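**Student:** Please read through the structure below; I'll follow up with questions.
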Amino acid sequence: MDWNLLITQLMNGLQLGLLLFLLASGLTLIFGIMDFINLSHGSFYMVGAYFCGTLVVTTGSFVIGIVGGLIGVFIVGALIELVIARKLYRSDHLDHVLVTFGLILIFDTLVHMIWGSAGMAIPLPPVLDGQITMGSIVLPTYRVLIIAAGLLVAALLYVLVSKTRLGMLIRAGASNRTMVEALGVNINRLFLIVFALGATLAGLAGMLIAPITEASIGMGNDIIITAFVVVIVGGIGSVKGAFYASLLLGLMDTLSRSYLDDLMKLVMSGDAAETAAPAISAMLIYILMAAILAFKPQGLFPPAGAK
Amino acid sequence: MSEVMLSIRDLNKRFGGITATDDVNLDVTTGEIHAIIGPNGAGKTTLIEQLSGQLKPDSGSVQFNGKNILDYPMPKRARMGLARSFQITSVVMPMTLLENVMLAVQANSGHSFRFWSRANDNKELRNAAMESLTLLKLEDRADKLAGNVSHGEQRQLEVAMALAMKPRMLLLDEPMAGMGKEESAQMIAILNQLKGDKTILLVEHDMDAVFQMADQLSVLVNGHIIATDTVENIRNNKAVQQAYLGDSHK
Amino acid sequence: MKLVPSNVSGRIYVVLLLILAAAPFIFESIKQPFYLDLLSRALILAIAATSLNLILGFGGMVSLGHAAYIGIGAYSVGIASYYDFYDGWLHIALALGVSALFALITGAISLRTKGVYFIMITMAFSQMVYFTLLSLSEYGADDGLVIYQRSEFPGILDMESSTGLYYWILGLLLITLFFVHRLVHSRFGKVIVGSKFNEVRMQSLGFNTYRYRLTCYVISAMICSLAGVLLGNFTSFISPDMIGWARSGELIFIVIIGGVSTIFGPVIGTIAFVVLEEVLSKITVYWHLIFGVMLVLLVLYGKGGIHGFLSRWDTKEGDES
């Protein structure tokens, strides 16, 4: 039993899960409260990475990159909400699909025009570029940071959603939007904050992963689907659901890619296992989604009293 | 001819803290018009929804034609002969009146996995549909779009569709909602004509109408039936008068 | 459920059909064979769009994963050819069989949901196909699969020539349009259309709407896979990109722009889209930006969204939304 490999893969799974959580939490809130389907949420992920990258390269400071990037994405998110999303809350979902599809095209092309078609590498400061050794286990420092950051944000979100007034409004809105409106809350401001917050979280995910994978055009477009699956599995409108579902899916996906072929070799020939395993591990999270839909269609942790 | 067609026993339904249906017991005899009246919010539509299969009750039983139908989905109950009309007009707006009623006929003429012939040209569907429309005095409006006719005519369409299903029993949820005096009178006459031939359970707000049609009257208050009796007896019933304090009735 | 928008003369469509029939000769005479390629691709897409319109326009089922069926069709040709099976009928049988099975399973699950859920789930399932094919390195993964020889239909039609292939495509398109037309006006079609507008109503009449909608979904998937078979033959290079959800999004856009719930709508939409794509890409390499902006403006300011925009074309009785 290669413990080093197992620990590394668990960490990778955890990392993927937390990144998915950053994406899915915003998505699930925007769905749950505004009933708005945002295919272009992955664009905030991309924009975050590019903003951060540019700032790091120009100022040499990773901290400025992160902070500046977050502010930048927040503004972009707020603008999109004000100019576009706001006009569509009462529209057909089909309209949401088409508009946000258009937004993806716009964002991708703008990024292309501004930063060119090659990806952007984001250098890590030396302090983060090393490794941490714990006994016989060696872990890259940066990945530990990502996990720490992800858990911190999850904790902050938990506090926000369950202990603050804003969080209460968010939870109420996720269960019953009309009620919240009837209570005289400034619904426009609430929506704006939720939308911009969601975008910022997505942007954070992008800038966290970019030093490892490079910032590139359209980098958010595939992972956003996985985020949608997380939202379905966790329950629309539920941050708690998004948390558990992201970790579940992140671990499932990572571990199956490493270990499924070995598992399958126990019951079939080596060649068959090697061909089939990658395909099956690619399908696993969707099979899980299908299973959830069959047995618990509102998701694992639907918000109380939700439809 | 005095067998029970529909039998409701101990029906209960709660929504969170609200009891919408509270231990309801009711029998509908074949061939009668049985009306359910009650103040706003009494739970009348919720009751109809549980009978038609749109809503699942928490406990209790419903027997229709001798069969326990609580586990039957909506389409199955419909094909068994339980036809429903909706309180909030629920027809297919972009189709004509004729097409709407033809749908009702089609639903009860075998399966619809027929992919080739034009449904609109089918004589059997047309004739049966026209019969229903004629009963409701809508035959002249047959080719108008459902979305383009008056509210009263849409209410009539609801009943025409229910009738076209050749049902054993009609569940009518406020068929005359929003109708003027003349249209209501017409509807009452039509429903009275059906008495004996069809069994009707109807929910209605309009007291005068109910008094002119019903053989039996059940009063629903806060989800519970407080009295079931003939029209005369109900009118003189103290508990019922109390429940309606403030409501105008003759 | 009109054949064409009511204020556009039917005669225009007859003329259009004649032009399409004569296209190879027209393009040859003006020495622009490239346009035949463009038109071929457009008509293949039109078949896919027609299949999507069946469930989206007529049935109200917004599938954001229909490109998966194009992929299944294309890969049926690709994988069979990889193993040196070039028989066209085999390719078609494979495409129809696999797409029907996939549609049955995923449709059975997806159709238990509505609205936003349905859209997301169909999208997720097509991503599943995408990633699965991507991970099968045997069949080229993201490098794709090259086909060296087109499907063989011995004695019937030669797919190797562009003109031959074009007529196959046109023929299949016309058959599809006719089939969809009959379907929509049949009893089955009435149930599907009725369920789009008022599913509870239909159930209360006695229709098992789930079964009918699932059947419609499977039929639509099978037609779409035929488009994929043609596409595989047409491009000779098959890659998972055909299945991306951006492709599905394009199909939805085409269907909307062409006019939902008309039979010829998808054809118009496809031609408009392909022409737009051609024209815009000549203006700038950043044409996606213009396209995206147009999409956004169209939805925001076309009165009542795109539905409203298009139903203004139909001034007679017969509101499409």
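Naming scheme: A, B, ... for chains in displayed order of the structure tokens; residues 1 onward per chain; ligands 1 onward as shown.
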Find the residues near region 208-216 of chain C: any atom within 10 Å, counting only C-alpha atoms, skip ones fewer than 4 places away on the same chain, and give them as number ranges by chain.

**Tutor:** B: 73-76, 107, 111-113; C: 51, 54-55, 59-61, 100, 103-112, 183, 188-189, 191-196, 199-200, 202-204, 220-222

**Student:** Might you pull out every residue within 10 Å of Ala227 (chain C), with only C-alpha atoms counted and same-chain residues fewer than 4 positions away left off, and present them as a ChimeraX atom specification?

**Tutor:** /C:41,43-49,51,69-74,95,169,172-173,221-223,231-233

**Student:** Please determine the contact residues of chain C with respect to chain A at a cut-off of 7 Å, counting only C-alpha atoms, and supply them as a list of chain:residue names.

**Tutor:**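 So the residues of chain C near chain A are C:Ile109, C:Val116, C:Met120, C:Ala124, C:Phe125, C:Met128, C:Phe131, C:Thr132, C:Ser135, C:Leu136, C:Tyr286, C:His288, C:Leu289, C:Gly292, C:Val293, C:Leu295, C:Val296, C:Val299, C:Gly305.
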
**Student:** Go ahead and write the residues just picked, N, CA and C atoms, as a tab-separated table (two decimals), in the first residue's frame.

**Tutor:**
```tsv
chain	number	residue	atom	x	y	z
C	109	ILE	N	-34.62	9.28	-16.84
C	109	ILE	CA	-34.23	9.97	-15.62
C	109	ILE	C	-34.53	11.47	-15.72
C	116	VAL	N	-35.42	24.11	-14.82
C	116	VAL	CA	-33.99	24.28	-14.68
C	116	VAL	C	-33.28	22.93	-14.50
C	120	MET	N	-30.26	21.36	-16.90
C	120	MET	CA	-28.94	21.01	-16.37
C	120	MET	C	-28.61	19.54	-16.52
C	124	ALA	N	-25.60	17.77	-18.36
C	124	ALA	CA	-24.66	16.91	-17.66
C	124	ALA	C	-24.48	15.58	-18.38
C	125	PHE	N	-25.57	15.00	-18.84
C	125	PHE	CA	-25.47	13.72	-19.54
C	125	PHE	C	-24.65	13.84	-20.82
C	128	MET	N	-21.17	13.85	-20.02
C	128	MET	CA	-20.73	12.51	-19.70
C	128	MET	C	-20.25	11.80	-20.96
C	131	PHE	N	-16.88	13.40	-22.01
C	131	PHE	CA	-15.71	12.97	-21.26
C	131	PHE	C	-15.39	11.50	-21.47
C	132	THR	N	-16.41	10.70	-21.65
C	132	THR	CA	-16.16	9.29	-21.89
C	132	THR	C	-15.38	9.10	-23.19
C	135	SER	N	-11.86	10.12	-23.01
C	135	SER	CA	-10.93	9.27	-22.27
C	135	SER	C	-10.63	7.96	-22.98
C	136	LEU	N	-11.31	7.73	-24.09
C	136	LEU	CA	-11.04	6.50	-24.84
C	136	LEU	C	-9.92	6.76	-25.83
C	286	TYR	N	-12.39	37.82	-34.25
C	286	TYR	CA	-13.08	37.89	-32.95
C	286	TYR	C	-14.59	37.91	-33.12
C	288	HIS	N	-16.83	35.83	-32.56
C	288	HIS	CA	-17.64	35.30	-31.46
C	288	HIS	C	-18.15	36.40	-30.55
C	289	LEU	N	-17.37	37.46	-30.45
C	289	LEU	CA	-17.78	38.58	-29.60
C	289	LEU	C	-19.05	39.21	-30.16
C	292	GLY	N	-21.93	36.90	-29.64
C	292	GLY	CA	-22.37	36.89	-28.25
C	292	GLY	C	-23.18	38.14	-27.92
C	293	VAL	N	-22.69	39.28	-28.37
C	293	VAL	CA	-23.40	40.53	-28.10
C	293	VAL	C	-24.78	40.51	-28.74
C	295	LEU	N	-26.60	37.92	-29.38
C	295	LEU	CA	-27.43	37.02	-28.58
C	295	LEU	C	-28.00	37.74	-27.37
C	296	VAL	N	-27.09	38.42	-26.64
C	296	VAL	CA	-27.52	39.09	-25.42
C	296	VAL	C	-28.57	40.16	-25.72
C	299	VAL	N	-31.99	38.73	-26.69
C	299	VAL	CA	-32.80	38.23	-25.58
C	299	VAL	C	-33.30	39.37	-24.71
C	305	GLY	N	-38.26	38.70	-24.80
C	305	GLY	CA	-37.26	37.70	-25.12
C	305	GLY	C	-37.38	37.25	-26.56
```

**Student:** Tell me, which residues of region 42-131 of chain C carry DSSP alpha helix (DSSP H), written as a count of residues only?

**Tutor:** 68

**Student:** Taking only residues of chain B that have an atom at most 8 Å from an atom of chain C, what is each one's shortest atom pair and its distance in Å to one decimal, using only C-alpha atoms, in chain and number order, as CSV?

**Tutor:**
```
residue,atom,partner,partner_atom,distance
B:Ser52,CA,C:Ser204,CA,7.4
B:Met74,CA,C:Ser204,CA,5.7
B:Pro75,CA,C:Gly206,CA,3.8
B:Lys76,CA,C:Gly206,CA,6.3
B:Arg77,CA,C:Gly206,CA,7.4
B:Ala78,CA,C:Gly206,CA,4.8
B:Arg79,CA,C:Gly206,CA,5.3
B:Ala83,CA,C:Leu205,CA,7.0
B:Arg84,CA,C:Ser204,CA,6.7
B:Ser90,CA,C:Arg201,CA,6.4
B:Val91,CA,C:Arg201,CA,6.9
B:Val92,CA,C:Phe197,CA,6.2
B:Met93,CA,C:Phe197,CA,7.8
B:Pro94,CA,C:Gly318,CA,6.1
B:Leu103,CA,C:Lys190,CA,7.4
B:Ala104,CA,C:Leu205,CA,5.7
B:Gln106,CA,C:Arg187,CA,7.6
B:Ala107,CA,C:Gly206,CA,5.4
B:Asn108,CA,C:Gly206,CA,6.8
B:Ser112,CA,C:Phe188,CA,5.2
B:Phe113,CA,C:Phe188,CA,5.4
B:Arg114,CA,C:Phe188,CA,5.5
B:Phe115,CA,C:Leu183,CA,5.0
B:Trp116,CA,C:Arg182,CA,5.5
B:Ser117,CA,C:Ser186,CA,5.3
B:Arg118,CA,C:Ser186,CA,4.6
B:Ala119,CA,C:Ser186,CA,4.9
B:Asn120,CA,C:His185,CA,7.5
B:Leu145,CA,C:Glu317,CA,7.6
B:Ala162,CA,C:Leu205,CA,7.7
B:Met165,CA,C:Leu205,CA,7.2
```

**Student:** Taking 3 positions as the minimum chain separation for residues in the same chain, which residues sit within 7 Å of Lys144 (chain B) when counting only C-alpha atoms? Answer as a list in words.

**Tutor:**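 The neighbour list is Thr96, Leu97, Arg141, Asn148 and Val149 of chain B.
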
**Student:** Could you pull the residues within 10 Å of region 155-171 of chain A, counting only C-alpha atoms, minus those fewer than 3 positions along the same chain, as a VMD selection string?

**Tutor:** chain A and resid 25 29 to 30 32 to 33 149 to 152 174 to 177 180 185 187 190 to 191 193 to 194 237 to 240 243 303 to 304

**Student:** Which is closest to chain A among B:Ser7, B:Gly110, B:Asp71, B:Phe15, if we use only C-alpha atoms?

**Tutor:**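 Closest residue, counting only C-alpha atoms: B:Phe15.
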
**Student:** Tell me, as a list in words, which residues lie within 12 Å of Glu28 (chain C), counting only C-alpha atoms; anything in the same chain fewer than 6 positions away does not count.

**Tutor:**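 My reading of the contact set: Ala22, Phe34, Tyr35, Leu36, Asp37, Ser162 and Thr163 of chain C.
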
**Student:** Suppose you want the space between CA of Pro33 (chain C) and CA of Gly228 (chain C); what is it in Å?

**Tutor:** 22.5 Å

**Student:** Just the residues within 6 Å of region 223-231 of chain B, please, counting only C-alpha atoms, with nothing from its chain fewer than 4 positions along; format it as a PDB file with C-alpha atoms, in the first residue's frame.

**Tutor:**
```
ATOM      1  CA  ALA B  20     -55.942  21.547   5.052  1.00  0.00           C
ATOM      2  CA  THR B  21     -58.001  18.388   5.264  1.00  0.00           C
ATOM      3  CA  ASP B  22     -59.152  17.244   8.669  1.00  0.00           C
ATOM      4  CA  VAL B  24     -63.027  14.163   6.043  1.00  0.00           C
ATOM      5  CA  ALA B  42     -61.847  25.843   3.884  1.00  0.00           C
ATOM      6  CA  GLY B  43     -59.756  23.475   1.818  1.00  0.00           C
ATOM      7  CA  GLN B 216     -76.913  16.622  -0.978  1.00  0.00           C
ATOM      8  CA  LEU B 217     -74.822  19.384   0.495  1.00  0.00           C
ATOM      9  CA  SER B 218     -71.663  19.068   2.559  1.00  0.00           C
ATOM     10  CA  VAL B 219     -70.247  22.007   4.441  1.00  0.00           C
TER      11      VAL B 219
END
```

**Student:** One number please: CA of Val138 (chain A) to CA of Asp2 (chain A), in Å, one decimal.

**Tutor:**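 Answer for the CA of Val138 (chain A) to CA of Asp2 (chain A) separation: 12.9 Å.
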